[in-house]
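Structure file input_35.txt; described as compact mmCIF, C-alpha atoms and all ligand atoms.
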# COMPACT_ATOMS: atom_id res chain seq x y z
CA MET L 385 -103.44 1.91 103.81
CA LYS L 386 -103.43 5.32 102.13
CA LEU L 387 -100.95 8.03 103.12
CA SER L 388 -102.73 11.39 103.48
CA GLY L 389 -99.73 13.50 104.40
CA VAL L 390 -96.48 13.79 106.28
CA GLU L 391 -95.60 16.41 108.87
CA LEU L 392 -91.92 17.33 108.97
CA ARG L 393 -90.59 18.70 112.23
CA ARG L 394 -87.13 19.97 112.80
CA VAL L 395 -86.19 19.76 116.45
CA ARG L 396 -83.21 21.07 118.40
CA MET L 397 -82.23 19.57 121.74
CA PRO L 398 -79.24 20.58 123.89
CA LEU L 399 -76.88 17.76 124.93
CA VAL L 400 -76.00 17.26 128.60
CA ALA L 401 -72.31 17.65 127.65
CA PRO L 402 -70.41 18.22 124.38
CA PHE L 403 -69.89 14.97 122.43
CA ARG L 404 -66.59 14.89 120.55
CA THR L 405 -65.75 12.29 117.93
CA SER L 406 -63.00 12.12 115.30
CA PHE L 407 -65.36 13.96 112.91
CA GLY L 408 -66.38 16.87 115.16
CA THR L 409 -67.95 18.13 118.38
CA GLN L 410 -71.68 18.30 118.98
CA ASN L 411 -73.23 20.53 121.63
CA GLN L 412 -76.79 19.98 120.53
CA ARG L 413 -78.73 17.52 118.43
CA GLU L 414 -80.72 18.95 115.57
CA LEU L 415 -82.76 16.39 113.69
CA LEU L 416 -85.85 15.72 111.62
CA LEU L 417 -88.96 13.95 112.92
CA LEU L 418 -91.76 12.76 110.65
CA ARG L 419 -95.41 12.18 111.45
CA ALA L 420 -97.10 10.07 108.77
CA VAL L 421 -100.87 10.49 108.70
CA THR L 422 -102.64 7.54 107.05
CA SER L 423 -106.14 6.15 106.56
CA GLU L 424 -105.39 3.77 109.47
CA GLY L 425 -103.91 6.30 111.89
CA GLU L 426 -100.57 8.00 112.37
CA GLY L 427 -96.98 6.95 112.94
CA TRP L 428 -93.66 8.57 113.89
CA GLY L 429 -90.29 8.45 112.18
CA GLU L 430 -86.91 9.87 113.17
CA CYS L 431 -84.03 10.63 110.84
CA GLY L 432 -80.44 9.91 111.93
CA ALA L 433 -78.88 12.57 109.69
CA MET L 434 -76.95 15.39 111.35
CA VAL L 435 -76.79 19.07 110.36
CA ASP L 436 -73.46 18.63 108.55
CA PRO L 437 -72.44 15.75 106.26
CA LEU L 438 -69.54 14.69 108.53
CA TYR L 439 -70.55 11.16 109.52
CA SER L 440 -72.15 10.31 106.18
CA SER L 441 -73.08 12.20 103.01
CA GLU L 442 -76.62 12.87 104.26
CA TYR L 443 -77.50 15.98 106.27
CA VAL L 444 -80.71 17.48 107.62
CA ASP L 445 -81.39 20.10 104.90
CA GLY L 446 -80.63 17.55 102.19
CA VAL L 447 -82.92 14.98 103.80
CA GLU L 448 -85.71 17.51 104.00
CA HIS L 449 -85.26 18.41 100.34
CA VAL L 450 -85.26 14.84 99.05
CA LEU L 451 -88.26 13.92 101.20
CA ARG L 452 -90.23 16.93 99.99
CA THR L 453 -89.28 16.65 96.31
CA PHE L 454 -89.15 12.91 95.64
CA LEU L 455 -89.77 10.47 98.47
CA VAL L 456 -92.97 11.69 100.10
CA PRO L 457 -94.72 12.39 96.72
CA ALA L 458 -93.90 8.81 95.62
CA LEU L 459 -95.64 7.38 98.70
CA LEU L 460 -98.58 9.81 98.49
CA ALA L 461 -99.25 8.42 95.00
CA ALA L 462 -99.46 4.81 96.23
CA ASP L 463 -102.97 3.43 96.75
CA ASP L 464 -102.34 0.41 98.90
CA LEU L 465 -99.35 1.35 101.01
CA THR L 466 -97.68 -0.97 103.51
CA ALA L 467 -94.33 -0.57 105.28
CA HIS L 468 -92.86 -3.41 103.21
CA LYS L 469 -93.75 -1.52 100.01
CA VAL L 470 -91.90 1.65 101.03
CA ALA L 471 -88.41 0.50 99.99
CA PRO L 472 -89.53 -0.90 96.58
CA LEU L 473 -91.54 2.28 95.89
CA LEU L 474 -88.50 4.44 96.65
CA ALA L 475 -85.87 2.18 95.06
CA LYS L 476 -85.64 4.19 91.83
CA PHE L 477 -84.25 7.12 93.84
CA LYS L 478 -80.59 6.37 94.43
CA GLY L 479 -79.07 6.53 97.90
CA HIS L 480 -80.58 8.80 100.60
CA ARG L 481 -80.90 5.87 102.95
CA MET L 482 -81.39 7.96 106.10
CA ALA L 483 -84.27 9.87 104.50
CA LYS L 484 -85.85 6.62 103.30
CA ALA L 485 -85.35 4.99 106.71
CA ALA L 486 -87.20 7.80 108.50
CA LEU L 487 -90.14 7.60 106.12
CA GLU L 488 -90.36 3.81 106.32
CA MET L 489 -90.18 4.02 110.13
CA ALA L 490 -93.18 6.38 110.22
CA VAL L 491 -95.23 4.16 107.90
CA LEU L 492 -94.24 1.03 109.85
CA ASP L 493 -95.22 2.69 113.12
CA ALA L 494 -98.62 3.69 111.69
CA GLU L 495 -99.21 0.18 110.36
CA LEU L 496 -98.16 -1.59 113.57
CA ARG L 497 -100.19 0.77 115.78
CA ALA L 498 -103.24 0.05 113.60
CA HIS L 499 -102.72 -3.69 114.09
CA GLY L 500 -101.80 -3.46 117.80
CA ILE L 501 -98.38 -5.03 117.19
CA SER L 502 -95.13 -3.74 118.73
CA PHE L 503 -91.93 -3.03 116.79
CA GLY L 504 -90.20 -5.78 118.77
CA THR L 505 -92.80 -8.40 117.86
CA ALA L 506 -92.82 -7.33 114.22
CA LEU L 507 -89.04 -7.46 113.93
CA GLY L 508 -88.62 -10.79 115.74
CA SER L 509 -87.68 -9.87 119.30
CA THR L 510 -86.76 -12.68 121.69
CA LYS L 511 -86.13 -10.61 124.86
CA ASP L 512 -88.02 -8.24 127.16
CA SER L 513 -84.97 -6.09 127.87
CA VAL L 514 -81.51 -5.48 126.41
CA PRO L 515 -78.08 -4.94 128.02
CA CYS L 516 -76.74 -1.45 127.34
CA GLY L 517 -73.40 0.02 126.47
CA VAL L 518 -72.41 3.68 126.32
CA SER L 519 -70.33 5.68 123.87
CA VAL L 520 -67.75 8.00 125.46
CA GLY L 521 -66.48 10.99 123.48
CA ILE L 522 -62.91 12.22 123.12
CA MET L 523 -61.98 14.24 126.23
CA GLU L 524 -59.51 17.04 126.94
CA THR L 525 -57.62 15.00 129.54
CA ILE L 526 -57.23 11.42 130.77
CA PRO L 527 -58.35 12.25 134.36
CA HIS L 528 -61.58 13.72 132.99
CA LEU L 529 -62.10 10.61 130.84
CA LEU L 530 -61.62 8.35 133.88
CA ASP L 531 -64.20 10.36 135.86
CA VAL L 532 -66.72 10.09 133.04
CA VAL L 533 -66.15 6.35 132.50
CA GLY L 534 -66.37 5.76 136.27
CA GLY L 535 -69.70 7.58 136.33
CA TYR L 536 -71.13 5.41 133.53
CA LEU L 537 -69.94 2.21 135.24
CA ASP L 538 -71.63 3.42 138.44
CA ASP L 539 -74.81 3.99 136.40
CA GLY L 540 -74.68 0.31 135.45
CA TYR L 541 -73.59 0.39 131.80
CA VAL L 542 -72.23 -3.06 130.90
CA ARG L 543 -69.90 -1.98 128.09
CA ILE L 544 -67.79 1.10 127.42
CA LYS L 545 -66.96 2.39 123.95
CA LEU L 546 -64.20 4.98 123.68
CA LYS L 547 -64.10 7.28 120.69
CA ILE L 548 -60.55 7.40 119.35
CA GLU L 549 -58.50 9.32 116.78
CA PRO L 550 -54.76 9.60 116.07
CA GLY L 551 -53.26 11.12 119.24
CA TRP L 552 -56.08 9.80 121.47
CA ASP L 553 -56.01 6.02 121.28
CA VAL L 554 -53.49 3.86 123.16
CA GLU L 555 -53.15 6.13 126.21
CA PRO L 556 -56.87 6.49 127.01
CA VAL L 557 -57.36 2.74 126.50
CA ARG L 558 -54.41 1.96 128.76
CA ALA L 559 -55.66 4.38 131.43
CA VAL L 560 -59.18 2.88 131.42
CA ARG L 561 -57.78 -0.67 131.65
CA GLU L 562 -55.43 0.31 134.49
CA ARG L 563 -58.17 2.07 136.48
CA PHE L 564 -61.14 -0.25 135.86
CA GLY L 565 -59.45 -3.59 135.19
CA ASP L 566 -59.42 -6.22 132.48
CA ASP L 567 -62.94 -7.46 133.14
CA ILE L 568 -64.93 -4.51 131.82
CA LEU L 569 -66.17 -4.88 128.25
CA LEU L 570 -64.22 -2.23 126.36
CA GLN L 571 -64.18 -1.28 122.68
CA VAL L 572 -63.06 1.66 120.55
CA ASP L 573 -64.56 3.59 117.63
CA ALA L 574 -62.37 5.48 115.15
CA ASN L 575 -65.06 6.76 112.75
CA THR L 576 -62.68 6.32 109.76
CA ALA L 577 -59.83 8.34 111.30
CA TYR L 578 -56.93 6.01 110.36
CA THR L 579 -55.19 4.71 107.24
CA LEU L 580 -53.24 1.53 106.53
CA SER L 581 -50.05 3.42 107.34
CA ASP L 582 -51.26 3.44 110.96
CA VAL L 583 -50.92 -0.36 111.31
CA PRO L 584 -48.05 -0.10 113.85
CA GLN L 585 -50.08 2.28 116.05
CA LEU L 586 -53.24 0.12 115.82
CA GLN L 587 -51.15 -2.96 116.75
CA ARG L 588 -50.36 -1.20 120.03
CA LEU L 589 -54.03 -1.70 120.99
CA ASP L 590 -53.68 -5.50 120.75
CA PRO L 591 -52.55 -6.13 124.35
CA PHE L 592 -55.68 -4.50 125.81
CA GLU L 593 -58.06 -7.30 124.78
CA LEU L 594 -60.65 -4.95 123.30
CA LEU L 595 -63.97 -6.43 122.18
CA LEU L 596 -63.50 -4.70 118.85
CA ILE L 597 -62.23 -1.68 116.94
CA GLU L 598 -64.96 0.03 114.99
CA GLN L 599 -64.45 1.47 111.50
CA PRO L 600 -60.74 2.33 111.63
CA LEU L 601 -60.48 3.10 107.87
CA GLU L 602 -62.61 5.11 105.49
CA GLU L 603 -66.10 4.05 104.47
CA GLU L 604 -65.28 2.74 100.99
CA ASP L 605 -62.08 0.97 102.02
CA VAL L 606 -63.51 -2.50 102.60
CA LEU L 607 -60.44 -4.22 101.17
CA GLY L 608 -58.23 -2.05 103.38
CA HIS L 609 -60.09 -3.40 106.43
CA ALA L 610 -59.50 -6.95 105.17
CA GLU L 611 -55.79 -6.15 104.87
CA LEU L 612 -55.68 -4.51 108.30
CA ALA L 613 -57.35 -7.58 109.82
CA LYS L 614 -54.25 -9.61 108.91
CA HIS L 615 -52.07 -7.33 111.03
CA ILE L 616 -54.04 -6.66 114.23
CA ARG L 617 -55.53 -9.04 116.81
CA THR L 618 -58.40 -6.75 117.84
CA PRO L 619 -61.54 -7.83 115.91
CA ILE L 620 -62.63 -5.28 113.30
CA CYS L 621 -66.27 -4.12 113.41
CA LEU L 622 -67.70 -2.13 110.50
CA ASP L 623 -70.15 0.75 110.86
CA GLU L 624 -69.99 3.36 108.04
CA SER L 625 -69.02 0.74 105.41
CA VAL L 626 -72.14 -1.37 105.92
CA VAL L 627 -75.01 0.35 104.12
CA SER L 628 -77.16 -2.70 103.25
CA ALA L 629 -77.50 -6.44 103.80
CA ARG L 630 -75.60 -6.91 100.54
CA SER L 631 -72.66 -4.78 101.64
CA ALA L 632 -72.60 -6.66 104.95
CA ALA L 633 -72.42 -9.98 103.08
CA ASP L 634 -69.60 -8.65 100.87
CA ALA L 635 -67.60 -7.31 103.83
CA ILE L 636 -67.92 -10.63 105.67
CA ARG L 637 -66.93 -12.60 102.57
CA LEU L 638 -63.87 -10.41 102.04
CA GLY L 639 -62.74 -10.86 105.65
CA ALA L 640 -63.11 -7.12 106.35
CA CYS L 641 -64.98 -7.54 109.64
CA ARG L 642 -65.75 -10.08 112.34
CA ILE L 643 -68.53 -7.98 113.91
CA VAL L 644 -71.11 -5.55 112.49
CA ASN L 645 -72.67 -2.42 114.01
CA ILE L 646 -76.25 -2.08 112.74
CA LYS L 647 -77.75 1.41 112.55
CA PRO L 648 -81.17 1.30 110.91
CA SER L 649 -80.79 4.83 109.58
CA ARG L 650 -77.51 4.01 107.84
CA VAL L 651 -78.90 0.92 106.06
CA GLY L 652 -82.19 2.48 104.92
CA GLY L 653 -84.57 1.36 107.66
CA TYR L 654 -85.58 -1.20 110.26
CA LEU L 655 -86.64 -3.78 107.68
CA GLU L 656 -83.22 -3.72 105.98
CA ALA L 657 -81.60 -3.64 109.44
CA ARG L 658 -83.31 -6.94 110.16
CA ARG L 659 -81.94 -8.34 106.89
CA VAL L 660 -78.42 -7.22 107.90
CA HIS L 661 -78.99 -9.06 111.19
CA ASP L 662 -80.12 -12.18 109.32
CA VAL L 663 -77.14 -12.18 106.94
CA CYS L 664 -74.73 -11.76 109.85
CA ALA L 665 -76.46 -14.47 111.89
CA ALA L 666 -76.20 -16.87 108.94
CA HIS L 667 -72.44 -16.25 108.90
CA GLY L 668 -72.03 -16.49 112.67
CA VAL L 669 -71.10 -12.79 112.83
CA PRO L 670 -72.22 -11.06 116.05
CA VAL L 671 -74.02 -7.73 115.67
CA TRP L 672 -74.90 -4.86 117.98
CA CYS L 673 -77.16 -1.85 117.63
CA GLY L 674 -75.44 1.48 117.04
CA GLY L 675 -76.81 4.84 118.14
CA MET L 676 -77.16 8.25 116.52
CA ILE L 677 -78.08 10.30 119.57
CA GLU L 678 -81.73 9.41 119.08
CA THR L 679 -84.69 10.92 120.87
CA GLY L 680 -87.02 8.50 122.68
CA LEU L 681 -88.68 7.66 119.35
CA GLY L 682 -85.58 6.33 117.63
CA ARG L 683 -84.37 4.84 120.91
CA ALA L 684 -87.61 2.84 121.27
CA ALA L 685 -87.16 1.32 117.82
CA ASN L 686 -83.45 0.66 118.38
CA VAL L 687 -84.11 -1.14 121.66
CA ALA L 688 -86.71 -3.30 119.88
CA LEU L 689 -84.20 -4.15 117.14
CA ALA L 690 -81.48 -4.89 119.71
CA SER L 691 -83.73 -7.56 121.23
CA LEU L 692 -83.38 -9.83 118.17
CA PRO L 693 -81.39 -13.03 118.84
CA GLY L 694 -78.30 -12.15 116.74
CA PHE L 695 -77.62 -8.99 118.79
CA THR L 696 -75.23 -10.79 121.10
CA LEU L 697 -73.14 -7.73 122.03
CA PRO L 698 -74.41 -4.75 124.08
CA GLY L 699 -75.33 -1.80 121.84
CA ASP L 700 -75.11 1.98 122.03
CA THR L 701 -78.64 1.86 123.39
CA SER L 702 -78.02 4.08 126.35
CA ALA L 703 -80.63 5.70 128.57
CA SER L 704 -82.24 9.01 127.57
CA ASP L 705 -80.20 10.89 130.21
CA ARG L 706 -76.90 9.90 128.51
CA PHE L 707 -77.58 12.76 126.07
CA TYR L 708 -80.68 14.65 127.18
CA THR L 709 -81.84 16.20 130.45
CA SER L 710 -85.34 15.98 129.09
CA ASP L 711 -86.43 13.66 126.26
CA ILE L 712 -89.47 14.20 124.02
CA THR L 713 -91.04 10.89 125.11
CA GLU L 714 -91.19 9.29 128.54
CA PRO L 715 -87.47 8.77 129.23
CA PHE L 716 -85.73 5.42 128.85
CA VAL L 717 -84.22 4.65 132.25
CA LEU L 718 -81.46 2.11 132.88
CA GLU L 719 -82.44 -0.76 135.20
CA GLY L 720 -79.59 -3.05 136.17
CA GLY L 721 -77.67 -2.06 133.04
CA ARG L 722 -80.64 -2.83 130.79
CA LEU L 723 -83.46 -1.03 129.01
CA PRO L 724 -86.92 -2.56 128.69
CA VAL L 725 -88.17 -3.34 125.17
CA PRO L 726 -91.37 -1.32 124.66
CA SER L 727 -94.35 -3.66 124.35
CA GLY L 728 -97.13 -1.27 123.30
CA PRO L 729 -98.37 -1.00 119.69
CA GLY L 730 -95.88 0.40 117.18
CA LEU L 731 -92.97 2.16 118.84
CA GLY L 732 -94.76 1.88 122.17
CA VAL L 733 -93.97 5.52 122.91
CA THR L 734 -95.28 8.85 121.58
CA PRO L 735 -93.93 12.37 121.91
CA ILE L 736 -95.22 14.40 124.84
CA PRO L 737 -96.98 17.31 123.03
CA GLU L 738 -95.61 20.11 125.26
CA ARG L 739 -92.07 18.73 125.09
CA LEU L 740 -92.29 18.36 121.33
CA ALA L 741 -93.54 21.93 120.98
CA GLU L 742 -90.64 23.20 123.13
CA VAL L 743 -87.96 21.65 120.92
CA THR L 744 -89.57 22.19 117.50
CA THR L 745 -87.89 24.92 115.45
CA GLU L 746 -89.74 24.44 112.14
CA GLN L 747 -92.75 22.49 111.00
CA SER L 748 -94.31 21.82 107.62
CA TRP L 749 -97.02 19.64 106.11
CA LEU L 750 -96.59 17.66 102.90
CA ALA L 751 -99.70 16.39 101.13
CA SER L 752 -100.78 15.87 97.52
O1 LIG L 801 -75.42 6.40 121.92
O2 LIG L 801 -76.62 7.37 120.42
C1 LIG L 801 -75.53 7.08 120.91
C2 LIG L 801 -74.28 7.60 120.25
C3 LIG L 801 -73.35 6.51 119.85
O3 LIG L 801 -71.13 7.11 119.28
C4 LIG L 801 -72.28 7.02 118.93
N1 LIG L 801 -72.69 7.41 117.72
O4 LIG L 801 -70.21 7.22 115.23
O5 LIG L 801 -71.49 5.74 116.10
C5 LIG L 801 -71.14 6.91 115.97
C6 LIG L 801 -71.85 8.01 116.72
C7 LIG L 801 -72.71 8.93 115.89
C8 LIG L 801 -73.53 9.85 116.51
C9 LIG L 801 -72.74 8.87 114.54
C10 LIG L 801 -74.36 10.68 115.79
C11 LIG L 801 -73.57 9.70 113.80
C12 LIG L 801 -74.38 10.62 114.43

Would you put the structure from the file into C-alpha cells?
Ligand code: NPG
Amino acid sequence: MKLSGVELRRVRMPLVAPFRTSFGTQNQRELLLLRAVTSEGEGWGECGAMVDPLYSSEYVDGVEHVLRTFLVPALLAADDLTAHKVAPLLAKFKGHRMAKAALEMAVLDAELRAHGISFGTALGSTKDSVPCGVSVGIMETIPHLLDVVGGYLDDGYVRIKLKIEPGWDVEPVRAVRERFGDDILLQVDANTAYTLSDVPQLQRLDPFELLLIEQPLEEEDVLGHAELAKHIRTPICLDESVVSARSAADAIRLGACRIVNIKPSRVGGYLEARRVHDVCAAHGVPVWCGGMIETGLGRAANVALASLPGFTLPGDTSASDRFYTSDITEPFVLEGGRLPVPSGPGLGVTPIPERLAEVTTEQSWLAS
C-alpha cells in the first residue's frame, strides 16, 4: 500500500452539558480527524488530544505540527506501507503517542476496508456487543449529581464512574450509594488530583466497595501508587501512567495497579492497545476501555477493542448522545446497556458528509 496523502480536519462539536474533571471544564470538544488516502482506498483516524495539554502533554496544535513536520512525511516516503509498519517507521520520533495513534488508526482503517475485515475481527474480538459504563463529571451540588446519575441508570448504563477531586470525593460517593444502593457498579476517577499525603482521605472511600479508584496520583508516580495500594482497600486502576505495554508490565510488577484502563490514543494506537490487553491478560489483570469524548469514528474503534476477551469490566464506551446531540457518523445507541460492535469493513462507520462539513473549522491536505 502506498500513502498518497493525508487530509487533516479540525472539528468543533458542542457538548450536551459541560464536562468537569479535576483538570478542567469542557463545553465543547475540539479535535483532529485524519483521512488517509492510499493506493488501496481511504481510512479515517481520530486523535484523542485536547486543545490544552491538561490531561497529557499532547494538544491539538502540537499534534498538527508534529504530524505535518515529521510523522506524515515519514509515512509518505514508505513504499510498501501497512498498519503494522506505522509504529516502527515512526519510532525514531520520541513520544507524541496520540499523534502516532491517529495516523496508525487511519492507515489501519484503509487497510482493513481494502481487505473487507472489521476492526473487531482484526483486533481479536470475541463478542458482538459490549456492556457500557458512563463517566459522570464533577457537579455543583449533590442533588444535581443524583439526578444525573439516576438519568444514566434509567438509560441502562451498567456502571457509573464519578470524577473526583479533593473536596468532591467521599460525599458524592456516599450520596450515590445511599440513593442507588450497594449493587450498582461504581468507581471513581481522580485524574492525578491527589498525593500520598491524602492517604487518610482516600481510606475513607474503602467502606463503599468501589470497583476501583482510577489514577489517584500523578502520571510518573508509579511507585507512589504501589505505596498507596498498601494503605487502601479500593483496587487501584492506572490510566495516565500506562503509556505502553511495557509501562503496563512495569506497573503490574511493581504492584502499582490491579486494573488497567486502556485508551488507544494514550498508548500510541490500537495495535499497542491490544498488546497492553495481552500483557494484562497474561498477568490476570482486568482491563476496560477508556474514553476521550470520541466522535463516532473513535467510538467505533473503541467498541471493537472493548470486545476483546480481557476487557472484563464495562468501559467508558457510552452512547453518542452522552456527549453529542448529533454525531458525525450514524449515532451509537445503547440497547439494554450495551453497544453493538460494528461488523462492516474497517471501522464499520464513515462520517456523514454534511455533518462533517458542519463541524469542520479547518482543513488541510498533506502530500509529498
Ligand atoms: O466517555 O469518552 C468518555 C469520557 C470518559 O471521563 C472520561 N474521559 O480522564 O478518562 C478521562 C476523561 C478524558 C476525557 C480524558 C477527554 C481526556 C480527554

Counting all atoms listed in the file, which residues in chain L sit no more than 9 Å from ligand LIG 801 (chain L)? For each one, give the nearest pair of atoms and the distance in Å, sorted by chain then residue number, as CSV.
residue,atom,partner,partner_atom,distance
L:Phe403,CA,L:LIG801,O3,8.6
L:Thr405,CA,L:LIG801,O4,7.3
L:Ser406,CA,L:LIG801,O4,8.7
L:Phe407,CA,L:LIG801,O4,8.6
L:Gln410,CA,L:LIG801,C10,8.7
L:Arg413,CA,L:LIG801,C10,8.5
L:Gly432,CA,L:LIG801,C12,6.6
L:Ala433,CA,L:LIG801,C12,6.8
L:Met434,CA,L:LIG801,C12,6.2
L:Leu438,CA,L:LIG801,C11,8.3
L:Tyr439,CA,L:LIG801,C11,5.4
L:Ser440,CA,L:LIG801,C11,7.8
L:Gly517,CA,L:LIG801,O1,8.1
L:Val518,CA,L:LIG801,O1,6.0
L:Ser519,CA,L:LIG801,O3,4.9
L:Val520,CA,L:LIG801,O3,7.1
L:Gly521,CA,L:LIG801,O3,7.4
L:Lys545,CA,L:LIG801,O3,7.8
L:Leu546,CA,L:LIG801,O3,8.5
L:Lys547,CA,L:LIG801,O3,7.2
L:Asp573,CA,L:LIG801,O4,7.1
L:Ala574,CA,L:LIG801,O4,8.0
L:Asn575,CA,L:LIG801,O4,5.7
L:Glu598,CA,L:LIG801,O5,8.7
L:Gln599,CA,L:LIG801,O4,9.0
L:Asp623,CA,L:LIG801,O5,7.4
L:Glu624,CA,L:LIG801,O4,8.2
L:Asn645,CA,L:LIG801,O5,8.5
L:Lys647,CA,L:LIG801,O5,8.4
L:Gly674,CA,L:LIG801,O5,5.9
L:Gly675,CA,L:LIG801,O2,3.4
L:Met676,CA,L:LIG801,C10,3.8
L:Ile677,CA,L:LIG801,O2,3.4
L:Glu678,CA,L:LIG801,O2,5.7
L:Thr679,CA,L:LIG801,O2,8.8
L:Arg683,CA,L:LIG801,O2,8.2
L:Gly699,CA,L:LIG801,O1,8.2
L:Asp700,CA,L:LIG801,O1,4.4
L:Thr701,CA,L:LIG801,O1,5.8
L:Ser702,CA,L:LIG801,O1,5.6
L:Ala703,CA,L:LIG801,O1,8.5
L:Arg706,CA,L:LIG801,O1,7.6
L:Phe707,CA,L:LIG801,O2,7.9

Box centre and edge lengths (Å, one decimal), axis-aligned, segment 493-507 of chain L plus 8 Å each side, as lines of an AutoDock Vina configuration file:
center_x = -96.1
center_y = -2.4
center_z = 114.6
size_x = 30.2
size_y = 28.1
size_z = 24.4

| Sphere at (-73.4, 5.0, 136.6), radius 12 Å, counting all atoms listed in the file: residues as a ChimeraX atom specification | /L:516-518,531-544,702-703,705-706,717-721

| What lies within 10 Å of Ser649 of chain L using all atoms listed in the file, ignoring chain neighbours under 4 positions off, as an MDAnalysis selection string? | chainID L and resid 430:433 480:486 489 627 653:654 656:657 674:676 682

| request: Tell me, in Å to one decimal, how far atom CA of Val651 of chain L is from atom CA of Gly694 of chain L. | output: 16.9 Å

| query | At most 7 Å from (-63.6, -4.7, 111.6), file frame, all atoms listed in the file: which residues, as a list in words? | reply | Ile597, Glu598, Gln599, His609, Pro619, Ile620, Cys621, Leu622, Ala640, Cys641, Arg642 and Ile643 of chain L

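Closest approach to Cys673 of chain L from the set L:Val687, L:Val444, L:Val660, L:Val733 is made by L:Val687, with distances taken over only C-alpha atoms.
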
| remark: One decimal place gives the atom CA of Ala458 of chain L-atom CA of Ala498 of chain L separation as 22.1 Å

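Candidate residues L:Val583, L:Leu689, L:Leu723, L:Val572 were compared for distance to Thr505 of chain L, and the nearest is L:Leu689, using all atoms listed in the file.
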
| message | Between L:Arg630, L:Lys386, L:Arg658, L:Arg561, which residue has the minimum interatomic distance to Leu459 of chain L, considering all atoms listed in the file? | response |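 Among the listed residues, L:Lys386 lies closest to Leu459 of chain L.
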
| request: Using only C-alpha atoms, find the one residue out of L:Pro402, L:Gly408, L:Leu392, L:Lys469 that sits nearest to Val447 of chain L. | output: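 So, comparing all the options, the nearest one is L:Leu392.
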
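Between atom CA of Gly728 of chain L and atom CA of Pro698 of chain L lies a distance of 23.0 Å.
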
| message | Using all atoms listed in the file, which protein or nucleic acid residues come within 12 Å of Arg637 of chain L? Drop anything in the same chain fewer than 3 positions from it, and give the result as a VMD selection string. | response | chain L and resid 606 to 607 610 630 to 634 640 to 642 663 to 664 667 to 669

| request: Using all atoms listed in the file, pick whichever of L:Glu742, L:Glu391, L:Glu414, L:Glu611 has the shortest atom-to-atom distance to Leu638 of chain L. | output: L:Glu611

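With all atoms listed in the file as the atoms that count, the minimum distance from Thr579 of chain L to the choices L:Asp605, L:Glu442, L:Asp512, L:Asp436 is reached by L:Asp605.
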
Residue contacts of Leu473 of chain L (12 Å, only C-alpha atoms) excluding same-chain residues fewer than 4 positions away, as a compact mmCIF listing (two decimals) with C-alpha atoms, keeping the file's coordinate frame:
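Dumped to out-v6.txt:
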# COMPACT_ATOMS: atom_id res chain seq x y z
CA PHE L 454 -89.15 12.91 95.64
CA LEU L 455 -89.77 10.47 98.47
CA VAL L 456 -92.97 11.69 100.10
CA PRO L 457 -94.72 12.39 96.72
CA ALA L 458 -93.90 8.81 95.62
CA LEU L 459 -95.64 7.38 98.70
CA LEU L 460 -98.58 9.81 98.49
CA ALA L 461 -99.25 8.42 95.00
CA ALA L 462 -99.46 4.81 96.23
CA ASP L 463 -102.97 3.43 96.75
CA ASP L 464 -102.34 0.41 98.90
CA LEU L 465 -99.35 1.35 101.01
CA THR L 466 -97.68 -0.97 103.51
CA ALA L 467 -94.33 -0.57 105.28
CA HIS L 468 -92.86 -3.41 103.21
CA LYS L 469 -93.75 -1.52 100.01
CA PHE L 477 -84.25 7.12 93.84
CA LYS L 478 -80.59 6.37 94.43
CA LYS L 484 -85.85 6.62 103.30
CA LEU L 487 -90.14 7.60 106.12
CA GLU L 488 -90.36 3.81 106.32

What would segment 516-524 of chain L look like with N, CA, C and O atoms restored, written as a PDB file, in the coordinates of the input?
ATOM      1  N   CYS L 516     -77.101  -2.713 127.997  1.00  0.00           N
ATOM      2  CA  CYS L 516     -76.740  -1.450 127.340  1.00  0.00           C
ATOM      3  C   CYS L 516     -75.300  -1.031 127.531  1.00  0.00           C
ATOM      4  O   CYS L 516     -74.761  -1.072 128.638  1.00  0.00           O
ATOM      5  N   GLY L 517     -74.720  -0.576 126.433  1.00  0.00           N
ATOM      6  CA  GLY L 517     -73.400   0.020 126.470  1.00  0.00           C
ATOM      7  C   GLY L 517     -73.528   1.530 126.344  1.00  0.00           C
ATOM      8  O   GLY L 517     -74.619   2.063 126.143  1.00  0.00           O
ATOM      9  N   VAL L 518     -72.390   2.224 126.437  1.00  0.00           N
ATOM     10  CA  VAL L 518     -72.410   3.680 126.320  1.00  0.00           C
ATOM     11  C   VAL L 518     -71.183   4.121 125.521  1.00  0.00           C
ATOM     12  O   VAL L 518     -70.115   3.515 125.612  1.00  0.00           O
ATOM     13  N   SER L 519     -71.393   5.144 124.719  1.00  0.00           N
ATOM     14  CA  SER L 519     -70.330   5.680 123.870  1.00  0.00           C
ATOM     15  C   SER L 519     -69.738   6.916 124.547  1.00  0.00           C
ATOM     16  O   SER L 519     -70.469   7.840 124.909  1.00  0.00           O
ATOM     17  N   VAL L 520     -68.418   6.923 124.722  1.00  0.00           N
ATOM     18  CA  VAL L 520     -67.750   8.000 125.460  1.00  0.00           C
ATOM     19  C   VAL L 520     -66.899   8.827 124.494  1.00  0.00           C
ATOM     20  O   VAL L 520     -66.016   8.285 123.824  1.00  0.00           O
ATOM     21  N   GLY L 521     -67.174  10.109 124.424  1.00  0.00           N
ATOM     22  CA  GLY L 521     -66.480  10.990 123.480  1.00  0.00           C
ATOM     23  C   GLY L 521     -65.013  11.211 123.843  1.00  0.00           C
ATOM     24  O   GLY L 521     -64.540  10.815 124.912  1.00  0.00           O
ATOM     25  N   ILE L 522     -64.306  11.844 122.902  1.00  0.00           N
ATOM     26  CA  ILE L 522     -62.910  12.220 123.120  1.00  0.00           C
ATOM     27  C   ILE L 522     -62.880  13.370 124.122  1.00  0.00           C
ATOM     28  O   ILE L 522     -63.661  14.315 124.007  1.00  0.00           O
ATOM     29  N   MET L 523     -62.008  13.253 125.142  1.00  0.00           N
ATOM     30  CA  MET L 523     -61.980  14.240 126.230  1.00  0.00           C
ATOM     31  C   MET L 523     -60.710  15.095 126.150  1.00  0.00           C
ATOM     32  O   MET L 523     -59.745  14.723 125.487  1.00  0.00           O
ATOM     33  N   GLU L 524     -60.694  16.175 126.899  1.00  0.00           N
ATOM     34  CA  GLU L 524     -59.510  17.040 126.940  1.00  0.00           C
ATOM     35  C   GLU L 524     -58.361  16.349 127.665  1.00  0.00           C
ATOM     36  O   GLU L 524     -57.204  16.500 127.280  1.00  0.00           O
TER      37      GLU L 524
END
